[in-house]
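Heads up: the structure comes next, in structure tokens.
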Amino acid sequence: MSTISVADRIIYQIYPKSFKDSDHDGIGDLKGITQKLAYLKELGINTIWLNPIYVSPQIDNGYDVADYYQIDEKLGTLADFDELVAKAHALGLEIILDFVLNHTSEKHPWFQAALHDKESEFRNCYLFHKGKDGGPPNNWGSFFGGSVWQQDPLDADNYYFHLFAKEMPDLNWAEPKVRVEMLKIAKFWLDHGVDGFRLDAFIHIAKADFEQDMLTSSDKPQIAEMFYANLPQVRTYLQEFISQLRQLKPDIFILGEAASADIDLAVDYTTPADKSCDTVVTFRYFAEDKSQVEPDLPQIGQPVKLDIPSFKYNMLEWQKRLEGVSYPTLYWSNHDMPRILSRFAPPKEHSACAKMLATLMYLQRGIPCIYYGEELGLMSQTLPTLKAFEDPQIIDFANKARAKGWSENEILESASQAHKMAARLPMPFDETAYQGFSTVEPWKYSKVLQKTNIAKQESDQKSPLNYYRQLLRLKHQELFIKGRFILENTSSKLYVYRRISKNKQALVICNLSADEQSYPCGDLTKVLLGQNAKVLGQKVQLASYGAIVLER
Ligand code: GLC
């Protein structure tokens, strides 16, 4: 039985390839994570989410799974995994796995069978469909560029569906065999001691009628979420799948990735009566300020800032509408987006910004989910080559930017601030070669080393790392878990909220700007945590990017 309730969870997301290399091949691995469990315990988290660790051709860094029952050999073995789980559990830490259920790798034996034999019993496990007018069945676009359709090598007028890369064919959840197999895989990992799952891209497991085109005047494929995201059938499949998992393990923790879900869907997916997800991750918090973006260049290579007023509005909506329903996931970064500091912090103040942003986000009502290295205030790094992005869309961006006269350096820098890949670099532990991540050159590497590392921050009382430790200790207090949430109506330079329980109250004041700010705090003058801020009588004075947590 888990000793951690949903409300108590503090998640740490590990991108396994980049966390810690124990066998000197430049790729992080499971044993490396095991070696660092004490560090994670000390940080104050209690749940570790691992990005996919299964056998994979790595077209999409593990999200293309070829064998769900084995660990990718570069990351270790099943025995290493069992050891990781046992040692984590001994420390009171729980492990949740990324569960990739919308698609498999093209190398998965089912797809290989389906692809090479039209009569295969696995053909209906994927979405094969006849073309239209000599082309694909419709004009829907893939998230990774181009069409969702790829020609069937056995029949030129036939296609298979892939929402992501063409090497990642979508599964057909309407086929019972698929649902049975997914359950079997989940059970296998529960038997290996995992405590829950992060459901990857689950909102896409149902698709609309393929006859329907997206309306457009363009002849290019179009993103068509209305036909392949959040269809009503998703809830039915989800409910069936998770309720069966809950029969096997009643306290299983389910974190759903619902990237485009709005608050209404979040309520649906986490409604206790459905017993589906415990919490969902939305990408909708982070409204974008596109004022600096060049309209005639693809956005994928251009950094966008946060639109603060909209961000505040969105947070408020998610905080209030989920009250009494479920706990929102609180996060700033993940492997699919640039690191938050790259979107937010001016170069000289990034340490103060890191602490302020953590205070702002994690003391709200919800489940913190910290992306590895965020606790050090890591920024996205500049990748050394265009190839390192592993994304044809970046090559397209580069070609167009070059034509407008951008230099190679400008292209690399811009793309690195904007693209997910530059947020997936090795964790810096110390000052040794390759910053203690590995003894050889890491799989993904930047010429611009991280300016900080764990060893350096351990010994600095004012470091982001030590601040995170204090903050997470505070987060474990009842008031910051269960207390009501009230966001004050302030200018967009401030983010101020109260957490209120029967006989306690806390006031959290964050300065989102480089300008000095002051804010009345009444009799809440006892400082629980803070930086760049002080109490003067019944007022708080905040220097640039200051933050403070007060109680009576
Ligand atoms: C999710 C993952 C992302 C991956 C995609 C396809 O959105 O977070 O990294 O590319 O699913 O599996």
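Naming works like this for the structure tokens: A, B, ... for the chains as they're shown, residue 1 at the start of each chain, ligands 1 onward in shown order.
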Can you tell me which residues come within 6 Å of ligand 1 when counting only C-alpha atoms and all ligand atoms, ideally as a PyMOL selection string? chain A and resi 60+63+164+200-201+336
Looking only at the backbone, which of the residues in segment 244-415 of chain A does DSSP tag as helix (DSSP H, G or I), as number ranges by chain? A: 244-248, 263-270, 272-274, 299-301, 308-321, 340-344, 347-362, 374-376, 387-389, 392-403, 408-415
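Across A:Thr385, A:Ser2, A:Ser218, A:Thr236, the tightest approach to Gly196 of chain A is made by A:Ser2 when counting only C-alpha atoms.
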If you measure from atom CA of Ala415 of chain A to atom CA of Pro338 of chain A, what distance in Å do you get, rounded to one decimal? 9.9 Å
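Closest to Gly62 of chain A among A:Glu167, A:Asp8, A:Glu516, A:Asp82 is A:Glu167, based on only C-alpha atoms.
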Excluding Lys36 of chain A and residues on its chain fewer than 5 positions from it, collect all residues at most 9 Å away from it, counting only C-alpha atoms, and give them as an mmCIF file with all heavy atoms, in the first residue's frame.
data_model
loop_
_atom_site.group_PDB
_atom_site.id
_atom_site.type_symbol
_atom_site.label_atom_id
_atom_site.label_comp_id
_atom_site.auth_asym_id
_atom_site.auth_seq_id
_atom_site.Cartn_x
_atom_site.Cartn_y
_atom_site.Cartn_z
ATOM 1 N N LYS A 20 21.858 10.582 -15.081
ATOM 2 C CA LYS A 20 23.170 10.176 -14.559
ATOM 3 C C LYS A 20 23.625 8.890 -15.239
ATOM 4 O O LYS A 20 22.907 7.890 -15.234
ATOM 5 C CB LYS A 20 23.065 9.973 -13.037
ATOM 6 C CG LYS A 20 24.285 9.370 -12.394
ATOM 7 C CD LYS A 20 25.438 10.360 -12.296
ATOM 8 C CE LYS A 20 26.686 9.674 -11.781
ATOM 9 N NZ LYS A 20 27.911 10.376 -12.155
ATOM 10 N N LYS A 31 20.717 2.629 -13.216
ATOM 11 C CA LYS A 31 21.645 2.547 -12.079
ATOM 12 C C LYS A 31 22.082 3.948 -11.656
ATOM 13 O O LYS A 31 22.289 4.221 -10.479
ATOM 14 C CB LYS A 31 22.869 1.710 -12.445
ATOM 15 C CG LYS A 31 22.676 0.212 -12.207
ATOM 16 C CD LYS A 31 24.020 -0.499 -12.374
ATOM 17 C CE LYS A 31 23.936 -1.994 -12.203
ATOM 18 N NZ LYS A 31 23.458 -2.435 -10.899
ATOM 19 N N LYS A 41 15.687 12.330 -2.261
ATOM 20 C CA LYS A 41 15.023 12.266 -0.960
ATOM 21 C C LYS A 41 15.267 13.577 -0.211
ATOM 22 O O LYS A 41 14.353 14.203 0.331
ATOM 23 C CB LYS A 41 15.593 11.071 -0.184
ATOM 24 C CG LYS A 41 15.078 10.934 1.215
ATOM 25 C CD LYS A 41 13.686 10.348 1.203
ATOM 26 C CE LYS A 41 13.083 10.326 2.604
ATOM 27 N NZ LYS A 41 11.671 9.991 2.593
#
